[in-house]
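**Q** My structure file final11.cif, mmCIF, N, CA and C atoms, is below:
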data_structure
#
loop_
_atom_site.label_atom_id
_atom_site.label_comp_id
_atom_site.auth_asym_id
_atom_site.auth_seq_id
_atom_site.Cartn_x
_atom_site.Cartn_y
_atom_site.Cartn_z
N MET A 1 0.82 -1.18 0.00
CA MET A 1 0.00 0.00 0.00
C MET A 1 0.87 1.24 0.00
N ARG A 2 0.23 2.38 -0.25
CA ARG A 2 0.94 3.65 -0.32
C ARG A 2 1.20 4.21 1.06
N HIS A 3 2.22 5.09 1.14
CA HIS A 3 2.57 5.77 2.38
C HIS A 3 1.35 6.51 2.93
N GLY A 4 1.10 6.35 4.21
CA GLY A 4 0.03 7.06 4.87
C GLY A 4 -1.33 6.38 4.76
N VAL A 5 -1.44 5.39 3.91
CA VAL A 5 -2.71 4.68 3.75
C VAL A 5 -2.75 3.57 4.79
N PRO A 6 -3.83 3.51 5.54
CA PRO A 6 -3.89 2.48 6.59
C PRO A 6 -3.81 1.07 6.00
N ASP A 7 -3.08 0.21 6.73
CA ASP A 7 -3.04 -1.20 6.32
C ASP A 7 -4.28 -1.88 6.90
N ARG A 8 -4.32 -3.19 6.81
CA ARG A 8 -5.53 -3.90 7.25
C ARG A 8 -5.77 -3.79 8.76
N HIS A 9 -4.75 -3.34 9.51
CA HIS A 9 -4.90 -3.18 10.96
C HIS A 9 -5.21 -1.74 11.34
N GLY A 10 -5.36 -0.87 10.33
CA GLY A 10 -5.68 0.52 10.60
C GLY A 10 -4.46 1.38 10.90
N VAL A 11 -3.26 0.82 10.73
CA VAL A 11 -2.03 1.57 10.99
C VAL A 11 -1.50 2.10 9.67
N PRO A 12 -1.25 3.42 9.59
CA PRO A 12 -0.71 3.94 8.34
C PRO A 12 0.63 3.30 8.01
N GLU A 13 0.79 2.90 6.75
CA GLU A 13 2.06 2.34 6.32
C GLU A 13 3.08 3.44 6.17
N ARG A 14 4.35 3.09 6.35
CA ARG A 14 5.45 4.04 6.23
C ARG A 14 6.31 3.61 5.07
N ASP A 15 6.82 4.58 4.36
CA ASP A 15 7.73 4.23 3.28
C ASP A 15 9.13 4.01 3.83
N GLY A 16 10.01 3.45 3.02
CA GLY A 16 11.36 3.13 3.46
C GLY A 16 12.15 4.35 3.89
N ALA A 17 12.00 5.47 3.18
CA ALA A 17 12.75 6.68 3.54
C ALA A 17 12.33 7.19 4.91
N HIS A 18 11.05 7.15 5.19
CA HIS A 18 10.55 7.62 6.48
C HIS A 18 11.08 6.73 7.61
N GLU A 19 11.07 5.43 7.38
CA GLU A 19 11.58 4.51 8.39
C GLU A 19 13.07 4.71 8.60
N ARG A 20 13.82 4.94 7.50
CA ARG A 20 15.26 5.17 7.62
C ARG A 20 15.52 6.44 8.42
N ASP A 21 14.76 7.50 8.13
CA ASP A 21 14.93 8.75 8.87
C ASP A 21 14.64 8.54 10.36
N GLY A 22 13.61 7.77 10.64
CA GLY A 22 13.28 7.47 12.03
C GLY A 22 14.38 6.68 12.72
N ALA A 23 14.96 5.73 12.00
CA ALA A 23 16.05 4.93 12.57
C ALA A 23 17.28 5.79 12.82
N GLN A 24 17.55 6.71 11.90
CA GLN A 24 18.71 7.60 12.07
C GLN A 24 18.50 8.52 13.27
N GLU A 25 17.30 9.02 13.42
CA GLU A 25 17.00 9.91 14.56
C GLU A 25 17.08 9.13 15.86
N ARG A 26 16.60 7.90 15.84
CA ARG A 26 16.68 7.07 17.05
C ARG A 26 18.14 6.79 17.41
N ALA A 27 18.94 6.48 16.41
CA ALA A 27 20.37 6.24 16.66
C ALA A 27 21.02 7.49 17.26
N ARG A 28 20.70 8.65 16.70
CA ARG A 28 21.26 9.90 17.22
C ARG A 28 20.85 10.09 18.68
N ASP A 29 19.57 9.89 18.97
CA ASP A 29 19.07 10.05 20.33
C ASP A 29 19.79 9.12 21.30
N LEU A 30 19.99 7.88 20.88
CA LEU A 30 20.68 6.91 21.76
C LEU A 30 22.14 7.32 21.98
N LEU A 31 22.79 7.81 20.94
CA LEU A 31 24.17 8.25 21.10
C LEU A 31 24.27 9.47 22.01
N VAL A 32 23.33 10.38 21.91
CA VAL A 32 23.31 11.56 22.79
C VAL A 32 23.07 11.11 24.23
N ARG A 33 22.19 10.15 24.43
CA ARG A 33 21.95 9.64 25.78
C ARG A 33 23.19 8.95 26.34
N ALA A 34 23.87 8.18 25.50
CA ALA A 34 25.11 7.52 25.96
C ALA A 34 26.15 8.56 26.36
N LEU A 35 26.25 9.62 25.60
CA LEU A 35 27.19 10.69 25.93
C LEU A 35 26.83 11.32 27.27
N ALA A 36 25.56 11.61 27.48
CA ALA A 36 25.13 12.22 28.74
C ALA A 36 25.41 11.30 29.93
N LEU A 37 25.17 10.02 29.76
CA LEU A 37 25.44 9.07 30.85
C LEU A 37 26.94 9.00 31.16
N ALA A 38 27.77 8.99 30.13
CA ALA A 38 29.22 8.95 30.34
C ALA A 38 29.69 10.22 31.04
N GLU A 39 29.12 11.35 30.65
CA GLU A 39 29.50 12.62 31.29
C GLU A 39 29.10 12.62 32.76
N ARG A 40 27.89 12.16 33.05
CA ARG A 40 27.43 12.10 34.45
C ARG A 40 28.30 11.17 35.28
N ALA A 41 28.77 10.10 34.65
CA ALA A 41 29.60 9.13 35.37
C ALA A 41 31.04 9.62 35.52
N GLY A 42 31.39 10.69 34.82
CA GLY A 42 32.75 11.22 34.91
C GLY A 42 33.79 10.32 34.26
N ARG A 43 33.39 9.58 33.25
CA ARG A 43 34.28 8.64 32.57
C ARG A 43 34.83 9.29 31.30
N THR A 44 35.96 9.94 31.42
CA THR A 44 36.53 10.72 30.31
C THR A 44 36.74 9.88 29.06
N GLU A 45 37.29 8.70 29.21
CA GLU A 45 37.54 7.86 28.04
C GLU A 45 36.23 7.48 27.34
N THR A 46 35.21 7.19 28.13
CA THR A 46 33.91 6.84 27.56
C THR A 46 33.24 8.06 26.93
N VAL A 47 33.41 9.22 27.53
CA VAL A 47 32.87 10.46 26.96
C VAL A 47 33.53 10.71 25.60
N THR A 48 34.83 10.54 25.55
CA THR A 48 35.56 10.74 24.30
C THR A 48 35.08 9.76 23.23
N LEU A 49 34.90 8.52 23.60
CA LEU A 49 34.40 7.51 22.67
C LEU A 49 32.98 7.85 22.21
N ALA A 50 32.15 8.33 23.11
CA ALA A 50 30.78 8.72 22.74
C ALA A 50 30.81 9.87 21.74
N HIS A 51 31.69 10.84 21.96
CA HIS A 51 31.83 11.94 20.99
C HIS A 51 32.28 11.40 19.63
N GLN A 52 33.18 10.44 19.65
CA GLN A 52 33.67 9.85 18.40
C GLN A 52 32.51 9.20 17.63
N HIS A 53 31.74 8.38 18.30
CA HIS A 53 30.64 7.67 17.63
C HIS A 53 29.55 8.65 17.18
N LEU A 54 29.28 9.65 17.99
CA LEU A 54 28.28 10.64 17.60
C LEU A 54 28.77 11.44 16.39
N THR A 55 30.05 11.79 16.37
CA THR A 55 30.63 12.49 15.22
C THR A 55 30.47 11.66 13.96
N HIS A 56 30.83 10.41 14.04
CA HIS A 56 30.72 9.51 12.88
C HIS A 56 29.28 9.45 12.38
N HIS A 57 28.35 9.28 13.30
CA HIS A 57 26.93 9.20 12.93
C HIS A 57 26.46 10.50 12.28
N LEU A 58 26.81 11.62 12.87
CA LEU A 58 26.35 12.91 12.34
C LEU A 58 26.92 13.18 10.95
N LEU A 59 28.14 12.77 10.72
CA LEU A 59 28.70 12.89 9.37
C LEU A 59 27.91 12.03 8.39
N ALA A 60 27.58 10.83 8.81
CA ALA A 60 26.88 9.90 7.93
C ALA A 60 25.47 10.38 7.57
N VAL A 61 24.84 11.14 8.47
CA VAL A 61 23.47 11.60 8.21
C VAL A 61 23.43 13.03 7.67
N GLY A 62 24.60 13.59 7.38
CA GLY A 62 24.63 14.90 6.75
C GLY A 62 24.51 16.08 7.69
N ALA A 63 25.07 15.97 8.88
CA ALA A 63 25.07 17.07 9.85
C ALA A 63 26.52 17.41 10.20
N PRO A 64 27.30 17.91 9.22
CA PRO A 64 28.73 18.10 9.46
C PRO A 64 29.09 19.18 10.48
N ALA A 65 28.31 20.23 10.60
CA ALA A 65 28.63 21.27 11.58
C ALA A 65 28.50 20.71 13.00
N GLU A 66 27.43 19.98 13.24
CA GLU A 66 27.24 19.35 14.55
C GLU A 66 28.31 18.28 14.79
N ALA A 67 28.67 17.56 13.73
CA ALA A 67 29.73 16.55 13.84
C ALA A 67 31.05 17.21 14.22
N ALA A 68 31.37 18.33 13.60
CA ALA A 68 32.62 19.04 13.90
C ALA A 68 32.65 19.49 15.36
N ALA A 69 31.52 19.96 15.86
CA ALA A 69 31.46 20.40 17.25
C ALA A 69 31.72 19.24 18.21
N HIS A 70 31.15 18.07 17.92
CA HIS A 70 31.38 16.92 18.79
C HIS A 70 32.81 16.41 18.68
N ALA A 71 33.37 16.44 17.48
CA ALA A 71 34.77 16.01 17.33
C ALA A 71 35.69 16.93 18.12
N ALA A 72 35.44 18.22 18.06
CA ALA A 72 36.28 19.18 18.80
C ALA A 72 36.17 18.95 20.30
N ARG A 73 34.96 18.69 20.77
CA ARG A 73 34.78 18.42 22.21
C ARG A 73 35.50 17.13 22.61
N GLY A 74 35.40 16.11 21.76
CA GLY A 74 36.10 14.86 22.05
C GLY A 74 37.60 15.04 22.05
N LEU A 75 38.11 15.80 21.09
CA LEU A 75 39.56 16.04 21.02
C LEU A 75 40.06 16.80 22.25
N ALA A 76 39.26 17.71 22.74
CA ALA A 76 39.66 18.48 23.92
C ALA A 76 39.86 17.56 25.13
N LEU A 77 39.18 16.43 25.13
CA LEU A 77 39.29 15.48 26.24
C LEU A 77 40.30 14.37 25.97
N ALA A 78 40.76 14.26 24.75
CA ALA A 78 41.54 13.09 24.33
C ALA A 78 43.05 13.26 24.49
N ALA A 79 43.46 14.15 25.34
CA ALA A 79 44.90 14.32 25.57
C ALA A 79 45.46 13.08 26.23
N PRO A 80 46.78 12.86 26.07
CA PRO A 80 47.39 11.72 26.76
C PRO A 80 47.05 11.80 28.25
N PRO A 81 46.85 10.71 28.91
CA PRO A 81 47.26 9.36 28.56
C PRO A 81 46.26 8.58 27.73
N LEU A 82 45.17 9.20 27.25
CA LEU A 82 44.27 8.45 26.39
C LEU A 82 45.02 7.96 25.17
N ALA A 83 44.61 6.86 24.64
CA ALA A 83 45.31 6.21 23.54
C ALA A 83 45.35 7.09 22.29
N ALA A 84 46.48 7.07 21.64
CA ALA A 84 46.67 7.83 20.40
C ALA A 84 45.66 7.45 19.32
N PRO A 85 45.30 6.18 19.16
CA PRO A 85 44.31 5.86 18.13
C PRO A 85 43.00 6.63 18.29
N ARG A 86 42.55 6.85 19.51
CA ARG A 86 41.31 7.62 19.73
C ARG A 86 41.48 9.03 19.19
N ARG A 87 42.64 9.65 19.48
CA ARG A 87 42.89 11.01 18.98
C ARG A 87 42.96 11.03 17.46
N VAL A 88 43.61 10.03 16.88
CA VAL A 88 43.75 9.97 15.42
C VAL A 88 42.37 9.86 14.77
N VAL A 89 41.54 8.98 15.28
CA VAL A 89 40.20 8.80 14.71
C VAL A 89 39.39 10.09 14.86
N LEU A 90 39.40 10.67 16.05
CA LEU A 90 38.65 11.91 16.26
C LEU A 90 39.16 13.03 15.36
N ARG A 91 40.47 13.15 15.25
CA ARG A 91 41.04 14.22 14.42
C ARG A 91 40.69 14.00 12.94
N THR A 92 40.69 12.74 12.50
CA THR A 92 40.33 12.44 11.12
C THR A 92 38.86 12.78 10.87
N LEU A 93 37.99 12.37 11.78
CA LEU A 93 36.57 12.71 11.65
C LEU A 93 36.37 14.23 11.69
N TYR A 94 37.11 14.90 12.56
CA TYR A 94 37.02 16.35 12.65
C TYR A 94 37.42 16.99 11.32
N GLY A 95 38.51 16.51 10.75
CA GLY A 95 38.95 17.03 9.45
C GLY A 95 37.90 16.81 8.38
N GLN A 96 37.29 15.64 8.37
CA GLN A 96 36.25 15.35 7.38
C GLN A 96 35.03 16.27 7.57
N ALA A 97 34.66 16.49 8.83
CA ALA A 97 33.52 17.37 9.10
C ALA A 97 33.84 18.81 8.69
N LEU A 98 35.04 19.27 9.01
CA LEU A 98 35.44 20.62 8.62
C LEU A 98 35.42 20.77 7.10
N ALA A 99 35.93 19.78 6.41
CA ALA A 99 35.95 19.83 4.94
C ALA A 99 34.54 19.92 4.39
N THR A 100 33.64 19.16 4.97
CA THR A 100 32.26 19.15 4.49
C THR A 100 31.57 20.49 4.73
N THR A 101 32.01 21.21 5.75
CA THR A 101 31.42 22.53 6.02
C THR A 101 32.13 23.64 5.24
N GLY A 102 33.12 23.26 4.44
CA GLY A 102 33.83 24.25 3.63
C GLY A 102 35.06 24.85 4.27
N ARG A 103 35.43 24.36 5.43
CA ARG A 103 36.61 24.89 6.13
C ARG A 103 37.83 24.03 5.76
N THR A 104 38.19 24.10 4.49
CA THR A 104 39.20 23.20 3.93
C THR A 104 40.57 23.37 4.56
N GLY A 105 41.00 24.60 4.78
CA GLY A 105 42.31 24.83 5.38
C GLY A 105 42.44 24.18 6.75
N GLU A 106 41.43 24.38 7.58
CA GLU A 106 41.43 23.75 8.91
C GLU A 106 41.37 22.23 8.77
N ALA A 107 40.60 21.76 7.81
CA ALA A 107 40.47 20.31 7.60
C ALA A 107 41.82 19.71 7.26
N VAL A 108 42.55 20.34 6.35
CA VAL A 108 43.86 19.83 5.95
C VAL A 108 44.81 19.81 7.15
N ARG A 109 44.76 20.84 7.98
CA ARG A 109 45.62 20.85 9.18
C ARG A 109 45.28 19.70 10.13
N GLN A 110 43.99 19.49 10.38
CA GLN A 110 43.58 18.41 11.28
C GLN A 110 43.96 17.05 10.71
N LEU A 111 43.73 16.87 9.43
CA LEU A 111 44.05 15.58 8.81
C LEU A 111 45.55 15.35 8.76
N GLY A 112 46.33 16.40 8.53
CA GLY A 112 47.78 16.28 8.56
C GLY A 112 48.27 15.89 9.95
N ASP A 113 47.68 16.51 10.98
CA ASP A 113 48.03 16.15 12.36
C ASP A 113 47.66 14.70 12.65
N ALA A 114 46.50 14.27 12.17
CA ALA A 114 46.08 12.88 12.37
C ALA A 114 47.05 11.93 11.70
N LEU A 115 47.47 12.27 10.49
CA LEU A 115 48.41 11.43 9.75
C LEU A 115 49.75 11.33 10.49
N ARG A 116 50.26 12.46 10.94
CA ARG A 116 51.54 12.45 11.67
C ARG A 116 51.45 11.65 12.96
N GLU A 117 50.36 11.83 13.72
CA GLU A 117 50.23 11.09 14.97
C GLU A 117 50.06 9.59 14.72
N ALA A 118 49.31 9.25 13.69
CA ALA A 118 49.15 7.83 13.36
C ALA A 118 50.49 7.21 13.02
N ARG A 119 51.28 7.91 12.24
CA ARG A 119 52.61 7.39 11.88
C ARG A 119 53.50 7.28 13.10
N ALA A 120 53.44 8.26 13.97
CA ALA A 120 54.29 8.26 15.18
C ALA A 120 53.98 7.08 16.09
N HIS A 121 52.75 6.61 16.03
CA HIS A 121 52.33 5.50 16.91
C HIS A 121 52.11 4.21 16.14
N ASP A 122 52.60 4.15 14.91
CA ASP A 122 52.46 2.95 14.07
C ASP A 122 51.02 2.46 14.00
N TYR A 123 50.11 3.39 13.86
CA TYR A 123 48.69 3.09 13.76
C TYR A 123 48.32 3.11 12.27
N GLU A 124 48.51 1.97 11.62
CA GLU A 124 48.36 1.87 10.17
C GLU A 124 46.95 2.19 9.69
N GLU A 125 45.95 1.69 10.38
CA GLU A 125 44.56 1.94 9.97
C GLU A 125 44.25 3.44 10.04
N GLY A 126 44.72 4.10 11.10
CA GLY A 126 44.51 5.53 11.24
C GLY A 126 45.26 6.32 10.19
N GLU A 127 46.48 5.87 9.88
CA GLU A 127 47.27 6.52 8.83
C GLU A 127 46.55 6.43 7.49
N LYS A 128 46.04 5.24 7.19
CA LYS A 128 45.33 5.04 5.93
C LYS A 128 44.09 5.94 5.84
N ALA A 129 43.32 6.01 6.91
CA ALA A 129 42.10 6.83 6.91
C ALA A 129 42.42 8.30 6.73
N ALA A 130 43.45 8.78 7.42
CA ALA A 130 43.84 10.19 7.29
C ALA A 130 44.35 10.48 5.88
N ARG A 131 45.16 9.56 5.35
CA ARG A 131 45.70 9.74 4.00
C ARG A 131 44.57 9.77 2.97
N GLU A 132 43.60 8.88 3.10
CA GLU A 132 42.46 8.84 2.18
C GLU A 132 41.62 10.11 2.27
N ALA A 133 41.43 10.62 3.48
CA ALA A 133 40.67 11.86 3.65
C ALA A 133 41.41 13.04 3.02
N LEU A 134 42.72 13.07 3.18
CA LEU A 134 43.52 14.13 2.54
C LEU A 134 43.45 14.01 1.02
N ALA A 135 43.54 12.79 0.51
CA ALA A 135 43.48 12.56 -0.93
C ALA A 135 42.13 13.02 -1.49
N ALA A 136 41.06 12.80 -0.72
CA ALA A 136 39.73 13.23 -1.15
C ALA A 136 39.66 14.75 -1.30
N LEU A 137 40.54 15.45 -0.57
CA LEU A 137 40.61 16.91 -0.67
C LEU A 137 41.63 17.35 -1.72
N GLY A 138 42.25 16.38 -2.39
CA GLY A 138 43.22 16.70 -3.41
C GLY A 138 44.61 16.98 -2.87
N VAL A 139 44.87 16.57 -1.62
CA VAL A 139 46.17 16.76 -1.00
C VAL A 139 46.96 15.47 -1.12
N LEU A 140 48.11 15.55 -1.74
CA LEU A 140 48.97 14.37 -1.89
C LEU A 140 49.83 14.23 -0.66
N THR A 141 50.03 12.99 -0.25
CA THR A 141 50.90 12.71 0.89
C THR A 141 51.93 11.68 0.48
N ASP A 142 53.05 11.70 1.17
CA ASP A 142 54.05 10.66 0.91
C ASP A 142 53.62 9.43 1.69
N ARG A 143 53.98 8.30 1.21
CA ARG A 143 53.57 7.05 1.86
C ARG A 143 54.38 6.79 3.04
#
Could you quickly redo this structure as structure tokens?
**A**
Amino acid sequence: MRHGVPDRHGVPERDGAHERDGAQERARDLLVRALALAERAGRTETVTLAHQHLTHHLLAVGAPAEAAAHAARGLALAAPPLAAPRRVVLRTLYGQALATTGRTGEAVRQLGDALREARAHDYEEGEKAAREALAALGVLTDR
């Protein structure tokens, strides 16, 4: 049946796009709740991880300005002794969000920093992600 037309149980049917939007909003709400719980618990590493996942989700659903804000907040908390891979991932996501909002210069700086830190810590997956994000912006890097 068509969107909005009641099915045999009297419940309006939903189209796939509407259901996808609802699922994305639910995912966002759950990630925001996880962040709030981690903040209340005072668990810095978990707060940083929550910002990382929320940033990733917001980028995926087309909210790059909000994603950039969460990445920046996560990075502010991700100073050592937190693991370098967390910083690399957050910095890479931050660079991608900045690029999507048109802040290319800042994006290149963040991605370059992510690449250098990944290399310094032999984090190959992070190095690859940062290099690919830079390449998407037309920036060549040495291997």
**Q** Between atom N of Val89 (chain A) and CA of Gly126 (chain A), what is the distance in Å, rounded to a tenth?
**A**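 Taking atom N of Val89 (chain A) and CA of Gly126 (chain A), their separation equals 6.1 Å.
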**Q** Of the candidates A:Ala84, A:Ala135, A:Leu77, A:Ala68, which shows the shortest atom-to-atom distance to Val47 (chain A), using all atoms listed in the file?
**A** A:Leu77
**Q** So which residues of chain A fall under alpha helix (DSSP H) by DSSP, listed as a ChimeraX atom specification?
**A** /A:16-41,44-60,64-77,84-100,104-120,124-136
**Q** Which residue out of A:Ala107, A:Leu98, A:Leu82, A:Ala38 has the minimum interatomic distance to Ala67 (chain A) when only C-alpha atoms are used?
**A**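 Smallest distance to Ala67 (chain A) is found for A:Leu98.
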**Q** Interatomic distance between CA of His70 (chain A) and atom N of Leu58 (chain A)?
**A**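 Interatomic distance, CA of His70 (chain A) to atom N of Leu58 (chain A): 9.2 Å.
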**Q** With distances taken over only C-alpha atoms, which residue among A:Ala130, A:Leu37, A:Ala97, A:Ala120 lies nearest Ala60 (chain A)?
**A**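 Of A:Ala130, A:Leu37, A:Ala97, A:Ala120, the one nearest Ala60 (chain A) is A:Ala97, counting only C-alpha atoms.
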**Q** Pull out every residue that the PyMOL selection byres (((chain A and resi 117 and name CA) around 9) and name CA) matches in the shown coordinates and put them as a list in words.
**A**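 That selection, the PyMOL selection byres (((chain A and resi 117 and name CA) around 9) and name CA), comes back as Ala84, Pro85, Arg87, Val88, Gly112, Asp113, Ala114, Leu115, Arg116, Ala118, Arg119, Ala120, His121, Asp122, Tyr123, Gly126 and Glu127 of chain A.
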**Q** For Leu111 (chain A), find every residue with an atom within 7 Å (counting all atoms listed in the file), except residues of its own chain fewer than 6 positions away, and show them as a ChimeraX atom specification.
**A** /A:91-92,94-96,130-131,133-134
**Q** How about saving the chosen residues, N, CA and C atoms kept, as a compact mmCIF listing (two decimals), in the frame of the given file?
**A**
# COMPACT_ATOMS: atom_id res chain seq x y z
N ARG A 91 40.47 13.15 15.25
CA ARG A 91 41.04 14.22 14.42
C ARG A 91 40.69 14.00 12.94
N THR A 92 40.69 12.74 12.50
CA THR A 92 40.33 12.44 11.12
C THR A 92 38.86 12.78 10.87
N TYR A 94 37.11 14.90 12.56
CA TYR A 94 37.02 16.35 12.65
C TYR A 94 37.42 16.99 11.32
N GLY A 95 38.51 16.51 10.75
CA GLY A 95 38.95 17.03 9.45
C GLY A 95 37.90 16.81 8.38
N GLN A 96 37.29 15.64 8.37
CA GLN A 96 36.25 15.35 7.38
C GLN A 96 35.03 16.27 7.57
N ALA A 130 43.45 8.78 7.42
CA ALA A 130 43.84 10.19 7.29
C ALA A 130 44.35 10.48 5.88
N ARG A 131 45.16 9.56 5.35
CA ARG A 131 45.70 9.74 4.00
C ARG A 131 44.57 9.77 2.97
N ALA A 133 41.43 10.62 3.48
CA ALA A 133 40.67 11.86 3.65
C ALA A 133 41.41 13.04 3.02
N LEU A 134 42.72 13.07 3.18
CA LEU A 134 43.52 14.13 2.54
C LEU A 134 43.45 14.01 1.02
**Q** Would you mind reading off the distance between CA of Arg26 (chain A) and CA of Leu59 (chain A), one decimal, in Å?
**A**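 According to the coordinates, CA of Arg26 (chain A) and CA of Leu59 (chain A) are separated by 15.4 Å.
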**Q** Can you tell me which residues surround region 30-33 of chain A at a distance of at most 8 Å, considering only N, CA and C atoms, apart from same-chain residues fewer than 4 positions away, and format the answer as a list of chain:residue names?
**A**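 Close residues of region 30-33 of chain A: A:Gln24, A:Glu25, A:Arg26, A:Leu37, A:Ala38, A:Glu39, A:Ala50, A:His51, A:His53, A:Leu54.
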**Q** Those same residues - N, CA and C atoms - I'd like them written as an mmCIF file, in the frame of the given file.
**A**
data_model
loop_
_atom_site.group_PDB
_atom_site.id
_atom_site.type_symbol
_atom_site.label_atom_id
_atom_site.label_comp_id
_atom_site.auth_asym_id
_atom_site.auth_seq_id
_atom_site.Cartn_x
_atom_site.Cartn_y
_atom_site.Cartn_z
ATOM 1 N N GLN A 24 17.550 6.710 11.900
ATOM 2 C CA GLN A 24 18.710 7.600 12.070
ATOM 3 C C GLN A 24 18.500 8.520 13.270
ATOM 4 N N GLU A 25 17.300 9.020 13.420
ATOM 5 C CA GLU A 25 17.000 9.910 14.560
ATOM 6 C C GLU A 25 17.080 9.130 15.860
ATOM 7 N N ARG A 26 16.600 7.900 15.840
ATOM 8 C CA ARG A 26 16.680 7.070 17.050
ATOM 9 C C ARG A 26 18.140 6.790 17.410
ATOM 10 N N LEU A 37 25.170 10.020 29.760
ATOM 11 C CA LEU A 37 25.440 9.070 30.850
ATOM 12 C C LEU A 37 26.940 9.000 31.160
ATOM 13 N N ALA A 38 27.770 8.990 30.130
ATOM 14 C CA ALA A 38 29.220 8.950 30.340
ATOM 15 C C ALA A 38 29.690 10.220 31.040
ATOM 16 N N GLU A 39 29.120 11.350 30.650
ATOM 17 C CA GLU A 39 29.500 12.620 31.290
ATOM 18 C C GLU A 39 29.100 12.620 32.760
ATOM 19 N N ALA A 50 32.150 8.330 23.110
ATOM 20 C CA ALA A 50 30.780 8.720 22.740
ATOM 21 C C ALA A 50 30.810 9.870 21.740
ATOM 22 N N HIS A 51 31.690 10.840 21.960
ATOM 23 C CA HIS A 51 31.830 11.940 20.990
ATOM 24 C C HIS A 51 32.280 11.400 19.630
ATOM 25 N N HIS A 53 31.740 8.380 18.300
ATOM 26 C CA HIS A 53 30.640 7.670 17.630
ATOM 27 C C HIS A 53 29.550 8.650 17.180
ATOM 28 N N LEU A 54 29.280 9.650 17.990
ATOM 29 C CA LEU A 54 28.280 10.640 17.600
ATOM 30 C C LEU A 54 28.770 11.440 16.390
#
**Q** Under the rule that only C-alpha atoms are counted, which of A:Ala34, A:Pro81, A:Arg43, A:Gly102 is the nearest residue to Ala65 (chain A)?
**A**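 Using only C-alpha atoms, the shortest distance to Ala65 (chain A) belongs to A:Gly102.
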**Q** Check the smallest atom-to-atom distance from each of A:Ala41, A:Leu90, A:Ala23, A:Val108 to Gly74 (chain A) using only N, CA and C atoms, then report the winner.
**A**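 The shortest atom-to-atom distance to Gly74 (chain A) comes from A:Leu90.
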